[in-house]
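Printed here is my_file_8.cif (mmCIF, C-alpha atoms):
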data_target
#
loop_
_atom_site.label_atom_id
_atom_site.label_comp_id
_atom_site.auth_asym_id
_atom_site.auth_seq_id
_atom_site.Cartn_x
_atom_site.Cartn_y
_atom_site.Cartn_z
CA MET A 4 30.66 -52.45 62.19
CA SER A 5 31.69 -55.54 64.21
CA THR A 6 33.05 -55.29 67.74
CA ALA A 7 36.34 -56.91 66.70
CA MET A 8 36.84 -54.36 63.92
CA LEU A 9 36.11 -51.41 66.22
CA LEU A 10 38.60 -52.68 68.80
CA ALA A 11 41.20 -53.30 66.08
CA ILE A 12 40.79 -49.73 64.78
CA ALA A 13 41.12 -48.31 68.31
CA THR A 14 44.29 -50.31 68.94
CA ALA A 15 45.77 -49.37 65.57
CA SER A 16 44.99 -45.68 66.15
CA ILE A 17 46.97 -45.61 69.39
CA VAL A 18 49.90 -47.42 67.76
CA ILE A 19 49.89 -44.96 64.84
CA LEU A 20 49.72 -42.02 67.24
CA LEU A 21 52.71 -43.27 69.22
CA LEU A 22 54.70 -43.87 66.02
CA LEU A 23 53.91 -40.36 64.78
CA VAL A 24 54.92 -38.69 68.05
CA ILE A 25 57.85 -40.87 69.16
CA LYS A 26 59.41 -42.04 65.87
CA ALA A 27 58.35 -39.42 63.28
CA LYS A 28 58.65 -36.55 65.84
CA VAL A 29 55.32 -35.04 64.74
CA HIS A 30 54.00 -32.48 67.25
CA PRO A 31 51.40 -34.20 69.49
CA PHE A 32 48.73 -31.60 68.55
CA VAL A 33 49.07 -32.40 64.85
CA ALA A 34 49.43 -36.16 65.45
CA LEU A 35 46.26 -36.29 67.59
CA LEU A 36 44.25 -34.45 64.93
CA ILE A 37 45.53 -36.75 62.17
CA VAL A 38 44.68 -39.89 64.12
CA SER A 39 41.27 -38.50 65.15
CA LEU A 40 40.45 -37.91 61.49
CA LEU A 41 41.64 -41.40 60.48
CA VAL A 42 39.56 -43.09 63.21
CA ALA A 43 36.48 -41.08 62.30
CA ILE A 44 36.78 -42.14 58.64
CA ALA A 45 37.62 -45.77 59.44
CA THR A 46 34.70 -46.23 61.86
CA GLY A 47 32.16 -44.76 59.46
CA ILE A 48 31.26 -41.50 61.17
CA PRO A 49 29.30 -39.54 58.49
CA SER A 50 31.60 -37.17 56.59
CA GLU A 51 29.48 -34.11 57.42
CA LYS A 52 29.80 -34.87 61.15
CA ILE A 53 33.52 -35.65 61.35
CA MET A 54 34.72 -32.10 61.97
CA GLU A 55 31.71 -31.43 64.19
CA VAL A 56 32.71 -34.35 66.44
CA ILE A 57 36.39 -33.30 66.49
CA MET A 58 35.58 -29.66 67.26
CA SER A 59 33.01 -30.54 69.92
CA GLY A 60 35.53 -32.83 71.63
CA MET A 61 38.22 -30.18 71.57
CA GLY A 62 35.90 -27.29 72.41
CA GLY A 63 34.21 -29.16 75.24
CA LEU A 64 37.52 -29.86 76.91
CA LEU A 65 39.05 -26.44 76.27
CA GLY A 66 35.95 -24.78 77.70
CA HIS A 67 36.77 -26.61 80.91
CA ILE A 68 40.54 -26.15 81.17
CA ALA A 69 41.77 -23.29 78.94
CA ILE A 70 40.92 -20.44 81.35
CA ILE A 71 42.23 -22.44 84.29
CA ILE A 72 45.56 -23.21 82.61
CA VAL A 73 46.15 -19.60 81.49
CA LEU A 74 45.23 -18.06 84.86
CA GLY A 75 47.26 -20.72 86.68
CA ALA A 76 50.26 -19.97 84.44
CA MET A 77 49.93 -16.23 85.13
CA LEU A 78 49.68 -16.81 88.89
CA GLY A 79 52.72 -19.07 88.72
CA ALA A 80 54.68 -16.48 86.71
CA VAL A 81 54.05 -13.75 89.32
CA ILE A 82 54.99 -16.04 92.21
CA GLU A 83 58.12 -17.25 90.38
CA ALA A 84 59.29 -13.73 89.46
CA SER A 85 58.87 -12.53 93.04
CA GLY A 86 61.18 -15.27 94.30
CA GLY A 87 58.36 -16.50 96.51
CA ALA A 88 58.30 -20.11 95.32
CA GLU A 89 62.01 -20.51 96.04
CA SER A 90 61.58 -18.76 99.40
CA LEU A 91 58.90 -21.27 100.38
CA ALA A 92 60.99 -24.17 99.08
CA GLN A 93 64.05 -23.08 101.07
CA ARG A 94 61.94 -22.80 104.23
CA PHE A 95 60.52 -26.31 103.80
CA SER A 96 63.84 -27.85 102.77
CA LYS A 97 65.68 -26.45 105.78
CA SER A 98 62.96 -27.65 108.14
CA LEU A 99 62.33 -31.11 106.68
CA GLY A 100 65.12 -32.05 104.31
CA ILE A 101 64.52 -33.04 100.68
CA LYS A 102 63.25 -36.60 101.28
CA ARG A 103 60.72 -35.57 103.91
CA THR A 104 59.71 -32.56 101.81
CA VAL A 105 58.60 -34.83 98.95
CA ALA A 106 56.53 -36.88 101.40
CA ALA A 107 55.05 -33.75 103.00
CA LEU A 108 54.07 -32.26 99.64
CA THR A 109 52.50 -35.57 98.59
CA MET A 110 50.38 -35.54 101.77
CA ALA A 111 49.44 -31.91 101.09
CA ALA A 112 48.44 -32.89 97.55
CA PHE A 113 46.15 -35.59 98.97
CA ILE A 114 44.33 -33.01 101.08
CA LEU A 115 44.27 -30.48 98.24
CA GLY A 116 42.77 -33.08 95.91
CA ILE A 117 39.71 -33.71 98.08
CA PRO A 118 37.84 -30.50 97.19
CA VAL A 119 39.68 -29.47 94.00
CA PHE A 120 39.50 -31.07 90.54
CA PHE A 121 42.66 -32.88 89.46
CA GLU A 122 43.74 -30.56 86.62
CA VAL A 123 42.95 -27.42 88.66
CA GLY A 124 44.86 -28.61 91.72
CA PHE A 125 47.87 -29.73 89.70
CA ILE A 126 48.10 -26.40 87.88
CA ILE A 127 47.87 -24.52 91.20
CA VAL A 128 50.84 -26.44 92.66
CA ILE A 129 53.04 -26.23 89.54
CA PRO A 130 54.84 -23.03 90.70
CA LEU A 131 55.60 -24.78 94.00
CA ILE A 132 56.95 -27.84 92.18
CA TYR A 133 59.23 -25.62 90.09
CA GLY A 134 60.33 -23.65 93.15
CA PHE A 135 61.25 -26.78 95.12
CA THR A 136 62.97 -28.18 92.03
CA LYS A 137 65.27 -25.13 91.77
CA VAL A 138 66.19 -25.21 95.45
CA ALA A 139 66.78 -28.98 95.60
CA ARG A 140 68.46 -29.05 92.15
CA VAL A 141 66.50 -32.15 91.15
CA SER A 142 64.05 -32.98 88.37
CA PRO A 143 60.48 -31.63 88.77
CA ILE A 144 59.35 -35.24 88.30
CA LYS A 145 60.66 -36.03 91.81
CA PHE A 146 58.00 -33.77 93.34
CA GLY A 147 55.39 -33.70 90.60
CA LEU A 148 54.89 -37.41 89.88
CA PRO A 149 53.81 -38.55 93.39
CA MET A 150 51.76 -35.37 93.89
CA ALA A 151 49.89 -35.82 90.61
CA GLY A 152 49.32 -39.52 91.31
CA VAL A 153 47.76 -38.97 94.72
CA MET A 154 45.61 -36.06 93.46
CA LEU A 155 44.20 -38.21 90.65
CA THR A 156 43.50 -41.03 93.14
CA VAL A 157 41.38 -38.73 95.28
CA HIS A 158 39.70 -37.30 92.17
CA VAL A 159 38.41 -40.69 91.04
CA ALA A 160 37.63 -42.22 94.45
CA LEU A 161 35.87 -39.57 96.54
CA PRO A 162 32.32 -38.28 95.92
CA THR A 163 33.47 -34.67 96.17
CA HIS A 164 34.18 -35.18 92.45
CA PRO A 165 31.70 -35.79 89.61
CA GLY A 166 32.66 -39.37 88.65
CA PRO A 167 32.21 -41.12 92.00
CA ALA A 168 29.34 -38.79 93.01
CA ALA A 169 27.34 -39.62 89.85
CA ALA A 170 28.24 -43.32 90.14
CA ALA A 171 26.86 -43.31 93.68
CA GLY A 172 23.60 -41.89 92.33
CA ILE A 173 23.36 -44.48 89.55
CA LEU A 174 24.10 -47.46 91.82
CA GLN A 175 22.19 -45.99 94.80
CA THR A 176 25.32 -46.09 96.96
CA ASP A 177 25.43 -44.55 100.43
CA MET A 178 27.46 -41.35 99.96
CA GLY A 179 28.78 -41.24 103.54
CA TRP A 180 30.16 -44.78 103.45
CA LEU A 181 31.60 -44.14 99.99
CA MET A 182 33.46 -41.10 101.33
CA MET A 183 34.80 -42.90 104.40
CA LEU A 184 35.88 -46.07 102.62
CA GLY A 185 37.18 -44.04 99.70
CA ILE A 186 39.50 -42.10 102.02
CA LEU A 187 40.59 -45.20 103.95
CA ILE A 188 41.53 -47.08 100.77
CA SER A 189 43.00 -44.03 99.00
CA ILE A 190 45.55 -43.48 101.79
CA PRO A 191 47.44 -46.78 101.24
CA VAL A 192 47.02 -46.33 97.48
CA GLY A 193 48.73 -42.94 97.81
CA VAL A 194 51.54 -44.49 99.90
CA VAL A 195 52.11 -47.16 97.22
CA GLY A 196 52.11 -44.42 94.56
CA TYR A 197 54.69 -42.42 96.54
CA PHE A 198 57.12 -45.37 96.71
CA VAL A 199 56.54 -46.37 93.06
CA ALA A 200 57.25 -42.77 91.97
CA LYS A 201 60.33 -42.76 94.21
CA ALA A 202 61.61 -45.89 92.45
CA MET A 203 60.91 -44.35 89.04
CA ASN A 204 62.90 -41.27 89.99
CA ARG A 205 66.07 -43.32 90.31
CA GLN A 206 66.27 -43.05 86.53
CA ASN A 207 67.11 -39.78 84.81
CA TYR A 208 64.60 -38.52 82.25
CA GLN A 209 65.40 -35.95 79.60
CA LEU A 210 63.21 -32.89 80.15
CA SER A 211 61.62 -30.74 77.47
CA VAL A 212 63.35 -27.52 76.40
CA GLU A 213 60.44 -25.41 77.71
CA VAL A 214 60.65 -26.84 81.22
CA LEU A 215 64.46 -26.66 81.28
CA GLU A 216 64.34 -22.99 80.29
CA SER A 217 61.81 -22.20 83.03
CA LEU A 218 63.98 -23.96 85.62
CA GLN A 219 67.26 -22.34 84.51
CA MET A 220 66.08 -18.74 84.30
CA ALA A 221 68.30 -16.07 85.77
CA LYS A 222 67.45 -14.70 89.18
CA PRO A 223 64.22 -12.71 88.81
CA GLU A 224 64.18 -8.96 88.79
CA GLY A 225 62.21 -8.86 92.01
CA THR A 226 65.21 -10.13 94.01
CA GLN A 227 67.93 -7.77 92.75
CA LYS A 228 69.77 -5.32 95.02
CA ASN A 229 67.42 -2.36 94.62
CA GLU A 230 64.33 -4.53 95.03
CA PRO A 231 62.70 -5.78 98.24
CA ALA A 232 63.60 -9.23 99.53
CA ALA A 233 61.59 -12.20 98.32
CA PRO A 234 58.17 -12.56 100.00
CA GLY A 235 57.92 -14.86 102.98
CA ALA A 236 56.79 -18.49 102.92
CA LEU A 237 53.58 -17.62 104.79
CA MET A 238 52.43 -15.13 102.15
CA ILE A 239 53.11 -17.54 99.29
CA SER A 240 51.33 -20.36 101.14
CA GLY A 241 48.37 -18.04 101.64
CA LEU A 242 48.18 -17.17 97.94
CA ILE A 243 48.21 -20.87 97.04
CA VAL A 244 45.48 -21.60 99.61
CA VAL A 245 43.18 -18.73 98.51
CA PRO A 246 41.76 -20.38 95.34
CA ILE A 247 41.46 -23.72 97.14
CA ALA A 248 39.57 -22.13 100.04
CA LEU A 249 37.23 -20.27 97.68
CA ILE A 250 36.46 -23.47 95.74
CA VAL A 251 35.73 -25.33 99.00
CA LEU A 252 33.48 -22.52 100.27
CA GLY A 253 31.61 -22.51 96.97
CA THR A 254 30.99 -26.25 97.26
CA LEU A 255 29.83 -25.94 100.88
CA ALA A 256 27.52 -23.03 100.04
CA HIS A 257 25.93 -25.06 97.24
CA SER A 258 25.26 -27.96 99.64
CA LEU A 259 24.31 -26.13 102.85
CA LEU A 260 22.53 -22.90 101.87
CA GLY A 261 19.07 -22.48 100.35
CA GLU A 262 18.65 -21.67 96.68
CA GLU A 263 17.35 -18.17 97.43
CA SER A 264 20.30 -17.26 99.62
CA LEU A 265 22.31 -14.31 98.28
CA LEU A 266 25.43 -15.62 100.04
CA ARG A 267 25.01 -18.96 98.24
CA GLN A 268 24.79 -17.25 94.87
CA VAL A 269 27.85 -15.09 95.55
CA MET A 270 29.93 -18.00 96.87
CA MET A 271 28.97 -20.23 93.95
CA VAL A 272 30.29 -17.59 91.55
CA ILE A 273 33.57 -16.84 93.32
CA GLY A 274 33.98 -20.53 94.16
CA THR A 275 34.22 -21.62 90.53
CA PRO A 276 37.86 -22.49 89.65
CA PRO A 277 38.36 -19.73 87.02
CA ILE A 278 37.01 -16.96 89.29
CA ALA A 279 38.90 -18.32 92.31
CA LEU A 280 42.14 -18.27 90.30
CA LEU A 281 41.36 -14.79 88.98
CA ILE A 282 40.97 -13.53 92.56
CA ALA A 283 44.23 -15.22 93.57
CA LEU A 284 45.99 -13.65 90.57
CA ALA A 285 44.69 -10.18 91.51
CA LEU A 286 45.92 -10.64 95.09
CA ALA A 287 49.32 -11.87 93.89
CA ALA A 288 49.67 -8.93 91.49
CA TRP A 289 48.97 -6.52 94.35
CA LEU A 290 50.87 -8.20 97.22
CA LEU A 291 53.88 -9.47 95.28
CA GLY A 292 53.99 -6.82 92.56
CA VAL A 293 52.42 -3.38 93.04
CA ARG A 294 53.02 -3.23 96.79
CA ARG A 295 56.67 -4.19 96.28
CA GLY A 296 57.29 -1.53 93.64
CA TRP A 297 56.68 -3.36 90.37
CA SER A 298 55.43 -1.21 87.52
CA LYS A 299 52.23 -1.93 85.59
CA GLU A 300 54.38 -2.61 82.54
CA LYS A 301 56.36 -5.27 84.37
CA LEU A 302 53.19 -7.02 85.56
CA GLU A 303 51.73 -6.91 82.06
CA ASP A 304 54.94 -8.33 80.61
CA LEU A 305 55.12 -11.13 83.20
CA THR A 306 51.51 -12.25 82.73
CA GLY A 307 51.77 -11.87 78.96
CA ARG A 308 54.86 -14.08 78.77
CA ALA A 309 53.01 -16.80 80.69
CA ILE A 310 50.50 -17.28 77.84
CA PRO A 311 52.78 -18.73 75.11
CA GLY A 312 54.14 -21.29 77.57
CA SER A 313 50.64 -22.50 78.44
CA ALA A 314 49.45 -22.55 74.81
CA SER A 315 51.16 -25.86 74.02
CA VAL A 316 49.56 -27.55 77.02
CA ILE A 317 46.13 -26.19 76.08
CA LEU A 318 46.31 -27.21 72.42
CA VAL A 319 47.65 -30.71 73.06
CA ALA A 320 45.12 -31.36 75.84
CA GLY A 321 42.35 -30.08 73.56
CA ALA A 322 43.45 -32.38 70.75
CA GLY A 323 43.46 -35.24 73.24
CA GLY A 324 39.85 -34.36 74.04
CA ALA A 325 39.03 -34.48 70.32
CA PHE A 326 40.62 -37.93 69.99
CA GLY A 327 38.67 -39.20 73.00
CA LYS A 328 35.41 -37.81 71.60
CA VAL A 329 35.96 -39.54 68.25
CA LEU A 330 36.56 -42.84 70.04
CA VAL A 331 33.34 -42.40 72.03
CA GLU A 332 31.29 -41.47 68.95
CA SER A 333 32.72 -44.39 66.97
CA GLY A 334 31.22 -46.85 69.46
CA VAL A 335 34.53 -48.32 70.61
CA GLY A 336 33.64 -47.94 74.29
CA LYS A 337 30.24 -49.61 73.93
CA ALA A 338 31.70 -52.46 71.90
CA LEU A 339 34.36 -53.07 74.55
CA ALA A 340 31.82 -52.93 77.39
CA LEU A 341 29.51 -55.43 75.68
CA THR A 342 32.42 -57.79 75.04
CA LEU A 343 33.47 -57.74 78.69
CA GLU A 344 29.87 -58.04 79.89
CA THR A 345 29.51 -61.39 78.10
CA LEU A 346 32.37 -62.85 80.19
CA HIS A 347 30.17 -62.88 83.34
CA LEU A 348 32.98 -62.01 85.74
CA PRO A 349 32.44 -61.74 89.53
CA LEU A 350 31.01 -58.34 90.47
CA ILE A 351 34.10 -56.58 91.87
CA PRO A 352 36.52 -57.68 89.09
CA ALA A 353 33.82 -56.94 86.51
CA ALA A 354 33.43 -53.37 87.79
CA PHE A 355 37.18 -52.76 87.81
CA ILE A 356 37.98 -54.37 84.44
CA LEU A 357 35.04 -52.69 82.67
CA SER A 358 36.03 -49.29 83.98
CA LEU A 359 39.75 -49.83 83.27
CA ALA A 360 39.03 -50.97 79.70
CA LEU A 361 36.72 -48.02 79.06
CA ARG A 362 39.28 -45.63 80.54
CA ALA A 363 41.97 -47.03 78.22
CA SER A 364 39.71 -46.93 75.17
CA GLN A 365 38.30 -43.40 75.39
CA GLY A 366 40.44 -41.48 77.90
CA SER A 367 38.03 -39.94 80.40
CA ALA A 368 38.01 -41.43 83.91
CA THR A 369 34.63 -39.87 84.64
CA VAL A 370 33.03 -41.34 81.49
CA ALA A 371 34.54 -44.75 82.28
CA ILE A 372 33.16 -44.71 85.83
CA LEU A 373 29.69 -43.55 84.76
CA THR A 374 29.41 -46.00 81.86
CA THR A 375 30.49 -48.89 84.07
CA SER A 376 27.99 -47.91 86.76
CA GLY A 377 25.18 -47.81 84.20
CA LEU A 378 26.09 -51.28 82.93
CA LEU A 379 26.09 -52.71 86.48
CA THR A 380 22.77 -51.33 87.71
CA SER A 381 20.91 -54.63 87.21
CA ALA A 382 23.82 -56.67 88.62
CA VAL A 383 23.73 -54.83 91.98
CA ALA A 384 19.93 -54.88 92.29
CA GLY A 385 20.00 -57.34 95.19
CA ALA A 386 23.26 -56.16 96.78
CA GLY A 387 23.54 -54.73 100.30
CA ASP A 388 24.60 -51.19 101.14
CA MET A 389 28.27 -52.03 101.77
CA GLN A 390 28.46 -54.19 98.67
CA ARG A 391 27.19 -51.28 96.55
CA VAL A 392 29.87 -49.05 98.05
CA LEU A 393 32.61 -51.54 97.17
CA VAL A 394 31.31 -52.08 93.63
CA THR A 395 31.31 -48.29 93.15
CA LEU A 396 34.88 -48.05 94.45
CA ALA A 397 36.03 -50.89 92.16
CA ALA A 398 34.64 -48.95 89.18
CA CYS A 399 36.32 -45.77 90.44
CA PHE A 400 39.75 -47.37 90.76
CA GLY A 401 39.34 -48.78 87.25
CA GLY A 402 39.04 -45.17 86.11
CA LEU A 403 42.37 -44.39 87.79
CA GLY A 404 44.54 -46.72 85.69
CA LEU A 405 45.93 -46.58 82.15
CA SER A 406 46.04 -42.81 81.71
CA HIS A 407 47.69 -42.46 78.31
CA VAL A 408 47.66 -40.50 75.05
CA ASN A 409 43.86 -40.17 74.72
CA ASP A 410 43.58 -38.61 78.20
CA ALA A 411 43.89 -34.83 78.55
CA GLY A 412 45.32 -35.34 82.05
CA PHE A 413 48.22 -37.31 80.57
CA TRP A 414 49.21 -34.31 78.45
CA VAL A 415 48.80 -31.80 81.31
CA VAL A 416 51.06 -33.82 83.63
CA THR A 417 53.71 -34.77 81.05
CA ARG A 418 53.93 -31.29 79.50
CA TYR A 419 54.27 -29.47 82.84
CA LEU A 420 56.82 -31.99 84.13
CA GLY A 421 58.76 -31.88 80.86
CA LEU A 422 58.36 -35.57 79.99
CA SER A 423 58.41 -36.93 76.46
CA VAL A 424 55.52 -39.14 75.34
CA GLY A 425 57.64 -42.27 75.71
CA ASP A 426 58.79 -41.34 79.22
CA GLY A 427 55.24 -40.33 80.11
CA LEU A 428 54.04 -43.82 79.23
CA LYS A 429 56.86 -45.36 81.29
CA THR A 430 56.13 -43.20 84.32
CA TRP A 431 52.67 -41.63 84.50
CA THR A 432 50.79 -44.43 82.72
CA VAL A 433 52.55 -47.13 84.74
CA LEU A 434 52.09 -45.20 88.01
CA THR A 435 48.34 -44.66 87.54
CA THR A 436 47.87 -48.31 86.58
CA ILE A 437 49.75 -49.63 89.63
CA MET A 438 47.76 -47.29 91.89
CA GLY A 439 44.49 -48.38 90.24
CA LEU A 440 45.38 -52.06 90.72
CA THR A 441 46.28 -51.38 94.36
CA GLY A 442 42.93 -49.70 94.96
CA PHE A 443 41.13 -52.61 93.30
CA ALA A 444 43.05 -55.22 95.35
CA LEU A 445 42.22 -53.44 98.63
CA THR A 446 38.57 -53.05 97.61
CA TRP A 447 38.32 -56.76 96.75
CA LEU A 448 40.00 -57.61 100.09
CA VAL A 449 37.37 -55.62 102.01
CA TRP A 450 34.66 -57.38 99.94
CA ALA A 451 36.09 -60.76 100.99
CA LEU A 452 36.13 -59.74 104.66
CA ILE A 453 32.54 -58.46 104.95
#
Produce structure tokens that represent the structure in this file.
Amino acid sequence: MSTAMLLAIATASIVILLLLVIKAKVHPFVALLIVSLLVAIATGIPSEKIMEVIMSGMGGLLGHIAIIIVLGAMLGAVIEASGGAESLAQRFSKSLGIKRTVAALTMAAFILGIPVFFEVGFIIVIPLIYGFTKVARVSPIKFGLPMAGVMLTVHVALPTHPGPAAAAGILQTDMGWLMMLGILISIPVGVVGYFVAKAMNRQNYQLSVEVLESLQMAKPEGTQKNEPAAPGALMISGLIVVPIALIVLGTLAHSLLGEESLLRQVMMVIGTPPIALLIALALAAWLLGVRRGWSKEKLEDLTGRAIPGSASVILVAGAGGAFGKVLVESGVGKALALTLETLHLPLIPAAFILSLALRASQGSATVAILTTSGLLTSAVAGAGDMQRVLVTLAACFGGLGLSHVNDAGFWVVTRYLGLSVGDGLKTWTVLTTIMGLTGFALTWLVWALI
């Protein structure tokens, strides 16, 4: 099939998907499956492989995020019911005020994003976002949008994450310089993202029923007269930090300890995100529940009620993974890359535009960064060490932009913040694209100066 036809099919599929979700009000899970099937048929994927591709795309993604989302939802439910999230929010708001609290949480999200994968980190901070939202009586988008933007920036730019780390290996980039320059450029990118999100929040967005219900719940049982007072801010902060600390320790153990070390093996197990969240959930159940007089039945009910709320996020994100997989298997990404390669752009714009186009066409930032790096290996053959670093960063910031309906992260952010698809495109997609362009501009500026 010709490149032009593949690109036309990809474009038409996204248009059809948006029409189904926004105009026809079809549930995103169903709409994504319908469009995935149509693209598979239109691009000539063999009929016996169509469902295999769809299921592998969905299963591959769900294997990565389903456990994390459910455990994160359960942890959030326990913290919420204890009154701890609101307690922490009140403490911060009194100390800093609302405006400075948003800035402080955005800075905290930057630090959190360095060792922790984007989806994992965002799910961990969701109970905090909801708690601050209730205290400040504002939309969760006010806190969640800048925090999510800065966490995704760090995820695509720093070699503590798989995309930039693998790209550094492919392009033979110095990892230390990539880390240092990645941090230096990501800081102003995060500042730009903060102010763009602040401007976006001047408009009121209609939130989903699920998020509105979670924000308007009656005062939890744990804070009634015969119950102990809400847990302190320090305890809640500690419970949020526990999974992050375990993940960091697991990463350090993998890098610093020998393969035969028992400590390394133990830390690598408890440092995986699902196990780290499971440990945090167990601690929360004990410290916030059992020790404060909650019955086993109440804990079971709380954690059980968290599952239906997370099911929609899981299914829609999984269907997004299926759609992205179909686009990859159809050859859309390769066709787009070959088309852009023939334009013979300068190295830094070529890296950014290739990665941005691949990100838009198939959804995954990591795949976009890796594919771009592979295509540029011959182009950087004679480049110096610093030039390789900057080319790698340009590809990474390309992977930051244009997060939309074929990206699982788009659905995680929009569903948890209560945004419709249309509002998600106006906010999250625009925000990630502006931040990606900012990162690219700064990278190109450094290239011009060296």
Scan for residues within 12 Å of the point (26.6, -50.3, 82.6) in the coordinates of the file, using all atoms listed in the file, and reply as a PDB file with C-alpha atoms, keeping the file's coordinate frame.
ATOM      1  CA  ALA A 170      28.240 -43.320  90.140  1.00  0.00           C
ATOM      2  CA  ILE A 173      23.360 -44.480  89.550  1.00  0.00           C
ATOM      3  CA  LEU A 174      24.100 -47.460  91.820  1.00  0.00           C
ATOM      4  CA  GLY A 336      33.640 -47.940  74.290  1.00  0.00           C
ATOM      5  CA  LYS A 337      30.240 -49.610  73.930  1.00  0.00           C
ATOM      6  CA  LEU A 339      34.360 -53.070  74.550  1.00  0.00           C
ATOM      7  CA  ALA A 340      31.820 -52.930  77.390  1.00  0.00           C
ATOM      8  CA  LEU A 341      29.510 -55.430  75.680  1.00  0.00           C
ATOM      9  CA  LEU A 343      33.470 -57.740  78.690  1.00  0.00           C
ATOM     10  CA  GLU A 344      29.870 -58.040  79.890  1.00  0.00           C
ATOM     11  CA  ALA A 353      33.820 -56.940  86.510  1.00  0.00           C
ATOM     12  CA  ALA A 354      33.430 -53.370  87.790  1.00  0.00           C
ATOM     13  CA  LEU A 357      35.040 -52.690  82.670  1.00  0.00           C
ATOM     14  CA  SER A 358      36.030 -49.290  83.980  1.00  0.00           C
ATOM     15  CA  LEU A 361      36.720 -48.020  79.060  1.00  0.00           C
ATOM     16  CA  VAL A 370      33.030 -41.340  81.490  1.00  0.00           C
ATOM     17  CA  ALA A 371      34.540 -44.750  82.280  1.00  0.00           C
ATOM     18  CA  ILE A 372      33.160 -44.710  85.830  1.00  0.00           C
ATOM     19  CA  LEU A 373      29.690 -43.550  84.760  1.00  0.00           C
ATOM     20  CA  THR A 374      29.410 -46.000  81.860  1.00  0.00           C
ATOM     21  CA  THR A 375      30.490 -48.890  84.070  1.00  0.00           C
ATOM     22  CA  SER A 376      27.990 -47.910  86.760  1.00  0.00           C
ATOM     23  CA  GLY A 377      25.180 -47.810  84.200  1.00  0.00           C
ATOM     24  CA  LEU A 378      26.090 -51.280  82.930  1.00  0.00           C
ATOM     25  CA  LEU A 379      26.090 -52.710  86.480  1.00  0.00           C
ATOM     26  CA  THR A 380      22.770 -51.330  87.710  1.00  0.00           C
ATOM     27  CA  SER A 381      20.910 -54.630  87.210  1.00  0.00           C
ATOM     28  CA  ALA A 382      23.820 -56.670  88.620  1.00  0.00           C
ATOM     29  CA  VAL A 383      23.730 -54.830  91.980  1.00  0.00           C
ATOM     30  CA  THR A 395      31.310 -48.290  93.150  1.00  0.00           C
ATOM     31  CA  ALA A 398      34.640 -48.950  89.180  1.00  0.00           C
TER      32      ALA A 398
END
Q. Contacts of segment 56-66 of chain A at 12 Å or less, counting all atoms listed in the file, minus same-chain residues fewer than 5 places along, as number ranges by chain?
A. A: 32, 35-44, 48-51, 71-73, 122, 277, 314, 316-333, 365-367, 409-412
Q.
Using all atoms listed in the file for the distances, tell me which of A:Ala111, A:Leu218, A:Met270, A:Ile17 is nearest to Val251 of chain A.
A.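 Ranked by minimum distance to Val251 of chain A, first place goes to A:Met270.
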Q: Enter the distance from atom CA of Gly86 of chain A to atom CA of Arg294 of chain A, in Å, rounded to one decimal.
A: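 Atom CA of Gly86 of chain A sits 14.8 Å away from atom CA of Arg294 of chain A.
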Q) Could you work out how far atom CA of Gly292 of chain A lies from atom CA of Ser85 of chain A, giving the answer in Å with one decimal? A)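 Interatomic distance, atom CA of Ser85 of chain A to atom CA of Gly292 of chain A: 7.5 Å.
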